[in-house]
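S.K.: So here's data.csv (CSV, N, CA and C atoms).
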```csv
chain,number,residue,atom,x,y,z
L,1,MET,N,-291.9,-166.7,-12.2
L,1,MET,CA,-290.9,-165.7,-12.1
L,1,MET,C,-290.9,-164.7,-13.3
L,2,LYS,N,-291.2,-165.3,-14.4
L,2,LYS,CA,-291.2,-164.5,-15.7
L,2,LYS,C,-292.3,-163.4,-15.6
L,3,TYR,N,-293.5,-163.8,-15.0
L,3,TYR,CA,-294.5,-162.8,-14.9
L,3,TYR,C,-294.3,-161.8,-13.8
L,4,THR,N,-293.6,-162.2,-12.8
L,4,THR,CA,-293.3,-161.2,-11.7
L,4,THR,C,-292.3,-160.2,-12.3
L,5,THR,N,-291.3,-160.6,-13.1
L,5,THR,CA,-290.4,-159.7,-13.7
L,5,THR,C,-291.1,-158.7,-14.6
L,6,LEU,N,-292.0,-159.3,-15.4
L,6,LEU,CA,-292.7,-158.5,-16.4
L,6,LEU,C,-293.6,-157.4,-15.7
L,7,PHE,N,-294.2,-157.9,-14.6
L,7,PHE,CA,-295.1,-157.0,-13.8
L,7,PHE,C,-294.2,-155.9,-13.2
L,8,LEU,N,-293.1,-156.2,-12.7
L,8,LEU,CA,-292.2,-155.2,-12.1
L,8,LEU,C,-291.7,-154.2,-13.1
L,9,LEU,N,-291.3,-154.7,-14.3
L,9,LEU,CA,-290.9,-153.8,-15.3
L,9,LEU,C,-292.0,-152.8,-15.8
L,10,LEU,N,-293.2,-153.3,-15.9
L,10,LEU,CA,-294.3,-152.5,-16.3
L,10,LEU,C,-294.6,-151.5,-15.2
L,11,PHE,N,-294.5,-151.9,-13.9
L,11,PHE,CA,-294.8,-151.0,-12.8
L,11,PHE,C,-293.7,-149.9,-12.8
L,12,LEU,N,-292.5,-150.3,-12.9
L,12,LEU,CA,-291.4,-149.3,-12.9
L,12,LEU,C,-291.5,-148.3,-14.0
L,13,SER,N,-291.9,-148.8,-15.2
L,13,SER,CA,-292.0,-147.9,-16.4
L,13,SER,C,-293.1,-146.9,-16.2
L,14,ALA,N,-294.2,-147.3,-15.5
L,14,ALA,CA,-295.3,-146.4,-15.2
L,14,ALA,C,-294.9,-145.4,-14.1
L,15,CYS,N,-294.0,-145.7,-13.3
L,15,CYS,CA,-293.6,-144.8,-12.3
L,15,CYS,C,-292.7,-143.7,-12.9
L,16,GLY,N,-293.0,-142.5,-12.5
L,16,GLY,CA,-292.2,-141.4,-13.0
L,16,GLY,C,-292.4,-140.2,-12.0
L,17,SER,N,-291.9,-139.1,-12.5
L,17,SER,CA,-292.1,-138.0,-11.6
L,17,SER,C,-293.5,-137.5,-11.7
L,18,SER,N,-294.3,-137.5,-10.6
L,18,SER,CA,-295.7,-137.1,-10.7
L,18,SER,C,-295.7,-135.6,-11.0
L,19,GLU,N,-294.6,-134.8,-10.5
L,19,GLU,CA,-294.6,-133.4,-10.8
L,19,GLU,C,-294.4,-133.1,-12.3
L,20,VAL,N,-293.6,-133.9,-13.0
L,20,VAL,CA,-293.4,-133.8,-14.4
L,20,VAL,C,-294.7,-134.2,-15.1
L,21,ASP,N,-295.4,-135.2,-14.6
L,21,ASP,CA,-296.7,-135.6,-15.2
L,21,ASP,C,-297.7,-134.5,-15.0
L,22,ASP,N,-297.7,-133.9,-13.9
L,22,ASP,CA,-298.6,-132.8,-13.6
L,22,ASP,C,-298.3,-131.6,-14.5
L,23,ALA,N,-297.1,-131.3,-14.7
L,23,ALA,CA,-296.7,-130.2,-15.6
L,23,ALA,C,-297.1,-130.5,-17.0
L,24,SER,N,-296.9,-131.7,-17.4
L,24,SER,CA,-297.3,-132.2,-18.8
L,24,SER,C,-298.8,-132.0,-19.0
L,25,GLU,N,-299.6,-132.3,-18.0
L,25,GLU,CA,-301.0,-132.2,-18.1
L,25,GLU,C,-301.4,-130.7,-18.3
L,26,ILE,N,-300.7,-129.8,-17.6
L,26,ILE,CA,-300.9,-128.4,-17.7
L,26,ILE,C,-300.6,-127.9,-19.1
L,27,ILE,N,-299.5,-128.3,-19.6
L,27,ILE,CA,-299.1,-127.9,-21.0
L,27,ILE,C,-300.2,-128.4,-22.0
L,28,LYS,N,-300.7,-129.6,-21.8
L,28,LYS,CA,-301.7,-130.2,-22.7
L,28,LYS,C,-302.9,-129.3,-22.8
L,29,THR,N,-303.3,-128.6,-21.7
L,29,THR,CA,-304.5,-127.7,-21.7
L,29,THR,C,-304.3,-126.6,-22.7
L,30,THR,N,-303.1,-126.3,-23.1
L,30,THR,CA,-302.8,-125.1,-24.0
L,30,THR,C,-302.7,-125.5,-25.4
L,31,LEU,N,-302.6,-126.8,-25.7
L,31,LEU,CA,-302.3,-127.3,-27.1
L,31,LEU,C,-303.6,-127.4,-27.9
L,32,LYS,N,-303.4,-127.2,-29.2
L,32,LYS,CA,-304.5,-127.4,-30.2
L,32,LYS,C,-304.8,-128.9,-30.3
L,33,ASN,N,-303.8,-129.7,-30.2
L,33,ASN,CA,-304.0,-131.2,-30.3
L,33,ASN,C,-303.3,-131.9,-29.1
L,34,PRO,N,-303.9,-131.9,-27.9
L,34,PRO,CA,-303.3,-132.4,-26.7
L,34,PRO,C,-302.9,-133.9,-26.8
L,35,LYS,N,-303.6,-134.6,-27.6
L,35,LYS,CA,-303.3,-136.1,-27.8
L,35,LYS,C,-302.0,-136.3,-28.5
L,36,SER,N,-301.5,-135.2,-29.2
L,36,SER,CA,-300.2,-135.4,-29.9
L,36,SER,C,-299.0,-135.1,-29.0
L,37,PHE,N,-299.2,-134.7,-27.8
L,37,PHE,CA,-298.1,-134.4,-26.8
L,37,PHE,C,-297.3,-135.7,-26.6
L,38,VAL,N,-296.0,-135.5,-26.7
L,38,VAL,CA,-295.0,-136.6,-26.4
L,38,VAL,C,-293.9,-136.0,-25.5
L,39,LEU,N,-293.9,-136.5,-24.3
L,39,LEU,CA,-292.8,-136.0,-23.4
L,39,LEU,C,-291.5,-136.6,-23.8
L,40,ILE,N,-290.5,-135.7,-23.9
L,40,ILE,CA,-289.1,-136.1,-24.2
L,40,ILE,C,-288.4,-136.3,-22.8
L,41,ASN,N,-288.4,-135.2,-22.0
L,41,ASN,CA,-287.9,-135.3,-20.6
L,41,ASN,C,-288.4,-134.1,-19.8
L,42,GLY,N,-288.3,-134.2,-18.6
L,42,GLY,CA,-288.7,-133.2,-17.7
L,42,GLY,C,-288.1,-133.3,-16.3
L,43,ASN,N,-287.9,-132.2,-15.6
L,43,ASN,CA,-287.3,-132.3,-14.3
L,43,ASN,C,-287.7,-131.1,-13.5
L,44,VAL,N,-287.8,-131.3,-12.2
L,44,VAL,CA,-288.1,-130.3,-11.2
L,44,VAL,C,-286.8,-129.4,-11.1
L,45,ILE,N,-286.9,-128.1,-11.4
L,45,ILE,CA,-285.8,-127.3,-11.3
L,45,ILE,C,-285.8,-126.4,-10.1
L,46,TRP,N,-287.0,-126.3,-9.5
L,46,TRP,CA,-287.2,-125.5,-8.2
L,46,TRP,C,-288.4,-126.0,-7.5
L,47,GLN,N,-288.3,-126.2,-6.2
L,47,GLN,CA,-289.5,-126.6,-5.4
L,47,GLN,C,-289.4,-125.9,-4.1
L,48,SER,N,-290.5,-125.4,-3.6
L,48,SER,CA,-290.6,-124.6,-2.3
L,48,SER,C,-290.3,-125.6,-1.2
L,49,LYS,N,-289.8,-125.0,-0.1
L,49,LYS,CA,-289.6,-125.8,1.1
L,49,LYS,C,-290.7,-125.5,2.1
L,50,LEU,N,-291.7,-124.7,1.7
L,50,LEU,CA,-292.8,-124.4,2.6
L,50,LEU,C,-293.9,-125.4,2.5
L,51,ALA,N,-294.9,-125.3,3.3
L,51,ALA,CA,-296.0,-126.3,3.3
L,51,ALA,C,-296.8,-126.2,2.0
L,52,ASP,N,-296.9,-125.0,1.4
L,52,ASP,CA,-297.5,-124.9,0.1
L,52,ASP,C,-296.6,-125.5,-0.9
L,53,LYS,N,-297.0,-126.5,-1.6
L,53,LYS,CA,-296.2,-127.2,-2.6
L,53,LYS,C,-296.2,-126.4,-3.9
L,54,ALA,N,-295.2,-125.5,-4.1
L,54,ALA,CA,-295.0,-124.8,-5.3
L,54,ALA,C,-293.8,-125.3,-6.0
L,55,MET,N,-293.8,-125.3,-7.3
L,55,MET,CA,-292.6,-125.8,-8.1
L,55,MET,C,-292.5,-125.2,-9.5
L,56,ILE,N,-291.4,-125.3,-10.0
L,56,ILE,CA,-291.1,-125.0,-11.4
L,56,ILE,C,-290.5,-126.2,-12.1
L,57,ILE,N,-291.2,-126.7,-13.2
L,57,ILE,CA,-290.7,-127.9,-13.9
L,57,ILE,C,-290.3,-127.5,-15.3
L,58,LYS,N,-289.2,-128.0,-15.7
L,58,LYS,CA,-288.7,-127.8,-17.1
L,58,LYS,C,-289.2,-129.0,-17.9
L,59,VAL,N,-289.9,-128.8,-19.0
L,59,VAL,CA,-290.5,-129.9,-19.8
L,59,VAL,C,-290.1,-129.7,-21.2
L,60,ASN,N,-289.5,-130.8,-21.8
L,60,ASN,CA,-289.2,-130.8,-23.2
L,60,ASN,C,-290.1,-131.8,-23.8
L,61,TYR,N,-290.8,-131.4,-24.9
L,61,TYR,CA,-291.8,-132.3,-25.5
L,61,TYR,C,-291.9,-132.0,-27.0
L,62,THR,N,-292.6,-132.9,-27.7
L,62,THR,CA,-293.1,-132.6,-29.1
L,62,THR,C,-294.6,-132.6,-29.1
L,63,ALA,N,-295.2,-131.9,-30.0
L,63,ALA,CA,-296.6,-131.9,-30.2
L,63,ALA,C,-296.9,-131.3,-31.6
L,64,LYS,N,-298.1,-131.6,-32.0
L,64,LYS,CA,-298.5,-131.0,-33.3
L,64,LYS,C,-299.2,-129.7,-33.1
L,65,ASN,N,-298.8,-128.7,-34.0
L,65,ASN,CA,-299.4,-127.4,-33.9
L,65,ASN,C,-300.7,-127.4,-34.7
L,66,GLY,N,-301.3,-126.2,-34.9
L,66,GLY,CA,-302.5,-126.0,-35.6
L,66,GLY,C,-302.5,-126.4,-37.0
L,67,LEU,N,-301.2,-126.4,-37.6
L,67,LEU,CA,-301.0,-126.8,-39.0
L,67,LEU,C,-300.7,-128.3,-39.1
L,68,ASN,N,-300.8,-129.0,-38.0
L,68,ASN,CA,-300.6,-130.5,-38.0
L,68,ASN,C,-299.1,-130.8,-38.2
L,69,GLN,N,-298.2,-129.8,-37.9
L,69,GLN,CA,-296.8,-130.1,-38.0
L,69,GLN,C,-296.3,-130.4,-36.6
L,70,VAL,N,-295.3,-131.3,-36.5
L,70,VAL,CA,-294.7,-131.7,-35.2
L,70,VAL,C,-293.7,-130.6,-34.9
L,71,ILE,N,-293.8,-130.1,-33.7
L,71,ILE,CA,-292.8,-129.1,-33.2
L,71,ILE,C,-292.2,-129.6,-31.9
L,72,LYS,N,-291.0,-129.2,-31.7
L,72,LYS,CA,-290.3,-129.5,-30.4
L,72,LYS,C,-290.3,-128.3,-29.6
L,73,GLU,N,-290.7,-128.4,-28.3
L,73,GLU,CA,-290.8,-127.2,-27.4
L,73,GLU,C,-290.1,-127.5,-26.1
L,74,CYS,N,-289.8,-126.5,-25.4
L,74,CYS,CA,-289.3,-126.5,-24.0
L,74,CYS,C,-290.0,-125.5,-23.2
L,75,LYS,N,-290.7,-125.8,-22.1
L,75,LYS,CA,-291.4,-124.9,-21.3
L,75,LYS,C,-291.1,-125.0,-19.9
L,76,TYR,N,-291.1,-123.9,-19.2
L,76,TYR,CA,-291.1,-123.9,-17.7
L,76,TYR,C,-292.6,-123.8,-17.3
L,77,VAL,N,-293.0,-124.8,-16.4
L,77,VAL,CA,-294.3,-124.8,-15.9
L,77,VAL,C,-294.2,-124.5,-14.4
L,78,SER,N,-294.8,-123.4,-14.0
L,78,SER,CA,-294.8,-123.0,-12.6
L,78,SER,C,-296.2,-123.2,-12.0
L,79,PHE,N,-296.3,-124.0,-11.0
L,79,PHE,CA,-297.6,-124.2,-10.4
L,79,PHE,C,-297.5,-124.6,-8.9
L,80,TYR,N,-298.6,-124.6,-8.3
L,80,TYR,CA,-298.7,-124.9,-6.8
L,80,TYR,C,-299.9,-125.8,-6.6
L,81,GLN,N,-299.8,-126.5,-5.5
L,81,GLN,CA,-300.9,-127.4,-5.2
L,81,GLN,C,-301.7,-126.9,-4.0
L,82,GLN,N,-303.0,-126.8,-4.2
L,82,GLN,CA,-303.9,-126.3,-3.1
L,82,GLN,C,-305.1,-127.2,-3.1
L,83,ASP,N,-305.5,-127.7,-1.9
L,83,ASP,CA,-306.6,-128.6,-1.8
L,83,ASP,C,-306.6,-129.8,-2.7
L,84,GLY,N,-305.3,-130.3,-2.9
L,84,GLY,CA,-305.2,-131.5,-3.8
L,84,GLY,C,-305.3,-131.2,-5.3
L,85,LYS,N,-305.3,-129.9,-5.7
L,85,LYS,CA,-305.4,-129.6,-7.1
L,85,LYS,C,-304.3,-128.7,-7.5
L,86,ASN,N,-303.8,-128.9,-8.7
L,86,ASN,CA,-302.8,-128.0,-9.3
L,86,ASN,C,-303.4,-126.7,-9.8
L,87,LYS,N,-302.7,-125.6,-9.4
L,87,LYS,CA,-303.2,-124.3,-9.8
L,87,LYS,C,-302.0,-123.5,-10.4
L,88,TRP,N,-302.2,-122.7,-11.4
L,88,TRP,CA,-301.2,-121.9,-12.0
L,88,TRP,C,-301.8,-120.6,-12.5
L,89,LEU,N,-300.9,-119.7,-12.7
L,89,LEU,CA,-301.4,-118.4,-13.2
L,89,LEU,C,-301.4,-118.4,-14.7
L,90,GLU,N,-302.5,-117.8,-15.3
L,90,GLU,CA,-302.6,-117.8,-16.7
L,90,GLU,C,-301.4,-117.0,-17.3
L,91,ASN,N,-301.0,-116.0,-16.7
L,91,ASN,CA,-299.9,-115.2,-17.2
L,91,ASN,C,-298.7,-115.4,-16.3
L,92,GLY,N,-297.8,-116.3,-16.7
L,92,GLY,CA,-296.6,-116.6,-16.0
L,92,GLY,C,-296.5,-118.0,-15.5
L,93,GLY,N,-297.5,-118.8,-15.7
L,93,GLY,CA,-297.5,-120.2,-15.3
L,93,GLY,C,-296.8,-121.1,-16.3
L,94,ILE,N,-296.8,-120.7,-17.6
L,94,ILE,CA,-296.1,-121.5,-18.6
L,94,ILE,C,-295.3,-120.5,-19.5
L,95,GLU,N,-294.0,-120.7,-19.5
L,95,GLU,CA,-293.1,-119.8,-20.2
L,95,GLU,C,-292.1,-120.6,-21.0
L,96,ASN,N,-291.6,-120.0,-22.1
L,96,ASN,CA,-290.6,-120.7,-22.9
L,96,ASN,C,-289.3,-120.8,-22.2
L,97,CYS,N,-288.6,-121.9,-22.4
L,97,CYS,CA,-287.3,-122.1,-21.8
L,97,CYS,C,-286.3,-121.1,-22.3
L,98,ILE,N,-285.3,-120.8,-21.5
L,98,ILE,CA,-284.2,-119.9,-21.8
L,98,ILE,C,-283.1,-120.8,-22.4
L,99,ALA,N,-282.9,-120.6,-23.7
L,99,ALA,CA,-281.9,-121.5,-24.4
L,99,ALA,C,-280.5,-121.3,-23.9
L,100,ALA,N,-280.1,-120.1,-23.4
L,100,ALA,CA,-278.8,-119.8,-23.0
L,100,ALA,C,-278.3,-120.7,-21.8
L,101,GLY,N,-279.3,-121.0,-20.9
L,101,GLY,CA,-278.9,-121.8,-19.7
L,101,GLY,C,-278.1,-121.0,-18.8
L,102,GLY,N,-277.4,-121.7,-17.8
L,102,GLY,CA,-276.5,-121.1,-16.9
L,102,GLY,C,-277.1,-119.9,-16.1
L,103,LYS,N,-276.4,-118.8,-16.1
L,103,LYS,CA,-276.7,-117.6,-15.3
L,103,LYS,C,-278.0,-117.0,-15.8
L,104,GLU,N,-278.2,-117.0,-17.1
L,104,GLU,CA,-279.4,-116.4,-17.7
L,104,GLU,C,-280.7,-117.2,-17.3
L,105,GLU,N,-280.5,-118.6,-17.2
L,105,GLU,CA,-281.6,-119.4,-16.8
L,105,GLU,C,-281.9,-119.1,-15.3
L,106,GLN,N,-280.9,-119.0,-14.5
L,106,GLN,CA,-281.1,-118.8,-13.1
L,106,GLN,C,-281.9,-117.4,-12.9
L,107,GLN,N,-281.5,-116.4,-13.6
L,107,GLN,CA,-282.1,-115.1,-13.5
L,107,GLN,C,-283.6,-115.2,-14.0
L,108,GLY,N,-283.8,-116.0,-15.0
L,108,GLY,CA,-285.2,-116.2,-15.5
L,108,GLY,C,-286.1,-116.9,-14.4
L,109,LEU,N,-285.5,-117.9,-13.8
L,109,LEU,CA,-286.2,-118.6,-12.7
L,109,LEU,C,-286.6,-117.7,-11.6
L,110,GLU,N,-285.7,-116.8,-11.2
L,110,GLU,CA,-285.9,-115.9,-10.1
L,110,GLU,C,-287.1,-115.0,-10.5
L,111,ILE,N,-287.2,-114.6,-11.8
L,111,ILE,CA,-288.3,-113.7,-12.3
L,111,ILE,C,-289.6,-114.6,-12.2
L,112,LEU,N,-289.5,-115.8,-12.6
L,112,LEU,CA,-290.7,-116.7,-12.6
L,112,LEU,C,-291.2,-116.8,-11.1
L,113,LYS,N,-290.3,-117.0,-10.2
L,113,LYS,CA,-290.7,-117.1,-8.8
L,113,LYS,C,-291.4,-115.8,-8.3
L,114,LYS,N,-290.9,-114.7,-8.7
L,114,LYS,CA,-291.5,-113.4,-8.3
L,114,LYS,C,-292.9,-113.3,-9.0
L,115,ILE,N,-293.0,-113.5,-10.3
L,115,ILE,CA,-294.3,-113.4,-11.0
L,115,ILE,C,-295.4,-114.3,-10.3
L,116,ASN,N,-295.0,-115.5,-9.9
L,116,ASN,CA,-295.9,-116.4,-9.3
L,116,ASN,C,-296.0,-116.3,-7.8
L,117,ALA,N,-295.3,-115.4,-7.2
L,117,ALA,CA,-295.3,-115.2,-5.8
L,117,ALA,C,-294.9,-116.4,-5.0
L,118,PHE,N,-293.9,-117.1,-5.6
L,118,PHE,CA,-293.4,-118.3,-4.9
L,118,PHE,C,-292.3,-117.9,-3.9
L,119,LYS,N,-292.2,-118.6,-2.8
L,119,LYS,CA,-291.2,-118.3,-1.8
L,119,LYS,C,-290.4,-119.6,-1.5
```
Could you render the structure as structure tokens?

M.R.:
Amino acid sequence: MKYTTLFLLLFLSACGSSEVDDASEIIKTTLKNPKSFVLINGNVIWQSKLADKAMIIKVNYTAKNGLNQVIKECKYVSFYQQDGKNKWLENGGIENCIAAGGKEEQQGLEILKKINAFK
């Protein structure tokens, strides 16, 4: 019983949002030190209802910059899945979060959808 509970806890802790994991991997491709990436939290803030799986994920994380200092960041990661692979635009795929939130954030998301041609 003890081992079953331990296995279940390990399994559940490994389960997470695959979309957030995918967005985290995209962010890591832009970092000087990708191994220093630590996810704080992330959530899907928009997802298409069409067959093409497009989404915008908000990711809060820490990582070391080029000076080896830990920085805290928030990014919107806009990507879509095609042929089982994640694809994103170099210009518009990763953007800084809008700190104001609320209406300003909603307007920013609409702009991201247009930039990325998401419907």

S.K.: For a test of reading the model, state the distance in Å between atom N of Asn91 (chain L) and atom C of Asn68 (chain L), rounded to one decimal.

M.R.: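 Spanning atom N of Asn91 (chain L) to atom C of Asn68 (chain L) is a straight-line distance of 26.2 Å.
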
S.K.: Do a neighbour search on Ile56 (chain L) at 6.5 Å with all atoms listed in the file, toss out local chain neighbours closer than 2 positions, and write the hits as a list in words.

M.R.: Asn43, Val44, Ile45, Trp46, Gln47, Ser48, Ala54, Lys58, Tyr76, Val77, Ser78 and Phe79 of chain L

S.K.: Can you work out which one of L:Asn116, L:Gly101, L:Thr62, L:Gly93 has the shortest atom-to-atom distance to Ile40 (chain L), counting only N, CA and C atoms?

M.R.: L:Thr62

S.K.: I'd like the interatomic distance between atom C of Gln82 (chain L) and CA of Gly42 (chain L), to a tenth of an Å.

M.R.: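 Here the two named atoms are 22.8 Å from each other.
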
S.K.: In region 12-77 of chain L, what's helix (DSSP H, G or I) per DSSP? Answer as number ranges by chain?

M.R.: L: 12-14, 18-28, 34-36

S.K.: For the strand (DSSP E or B) assignment from backbone DSSP, which residues of region 84-114 of chain L qualify? Please present them as a list in words.

M.R.: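 Put together, the selection reads Lys85, Asn86, Lys87, Ile94, Glu95 and Asn96 of chain L.
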
S.K.: Excluding Lys72 (chain L) and any residue of its chain fewer than 3 positions from it, enumerate the residues within 7 Å of it, using only N, CA and C atoms, and give them as a VMD selection string.

M.R.: chain L and resid 60 to 63

S.K.: So the first atom is CA of Glu19 (chain L) and the second is atom C of Leu67 (chain L); what is the distance between them in Å, to one decimal place?

M.R.: 29.4 Å

S.K.: Using only C-alpha atoms, which residues sit within 9 Å of Lys113 (chain L) once same-chain residues fewer than 4 positions away are excluded, as a list of chain:residue names?

M.R.: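 The contact residues come out as L:Met55, L:Ile56, L:Ser78, L:Gly108, L:Leu109, L:Ala117, L:Phe118, L:Lys119.
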
S.K.: Pick out the closest residue to Glu73 (chain L) from this set: L:Ala100, L:Leu89, L:Leu39, L:Leu112. Count only C-alpha atoms.

M.R.: L:Leu39

S.K.: Counting all atoms listed in the file, which of L:Ile94, L:Ile71, L:Ile111, L:Leu50 gets nearest to Ile27 (chain L)?

M.R.: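 Of L:Ile94, L:Ile71, L:Ile111, L:Leu50, the one nearest Ile27 (chain L) is L:Ile94, counting all atoms listed in the file.
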
S.K.: As number ranges by chain, please: the residues near Lys64 (chain L) (cut-off 9 Å, only C-alpha atoms, same-chain neighbours under 5 positions excluded).

M.R.: L: 31-37, 69-72

S.K.: Restricting the calculation to only C-alpha atoms, which member of L:Asn41, L:Gln107, L:Gly84, L:Thr29 is positioned closest to Ile57 (chain L)?

M.R.: L:Asn41
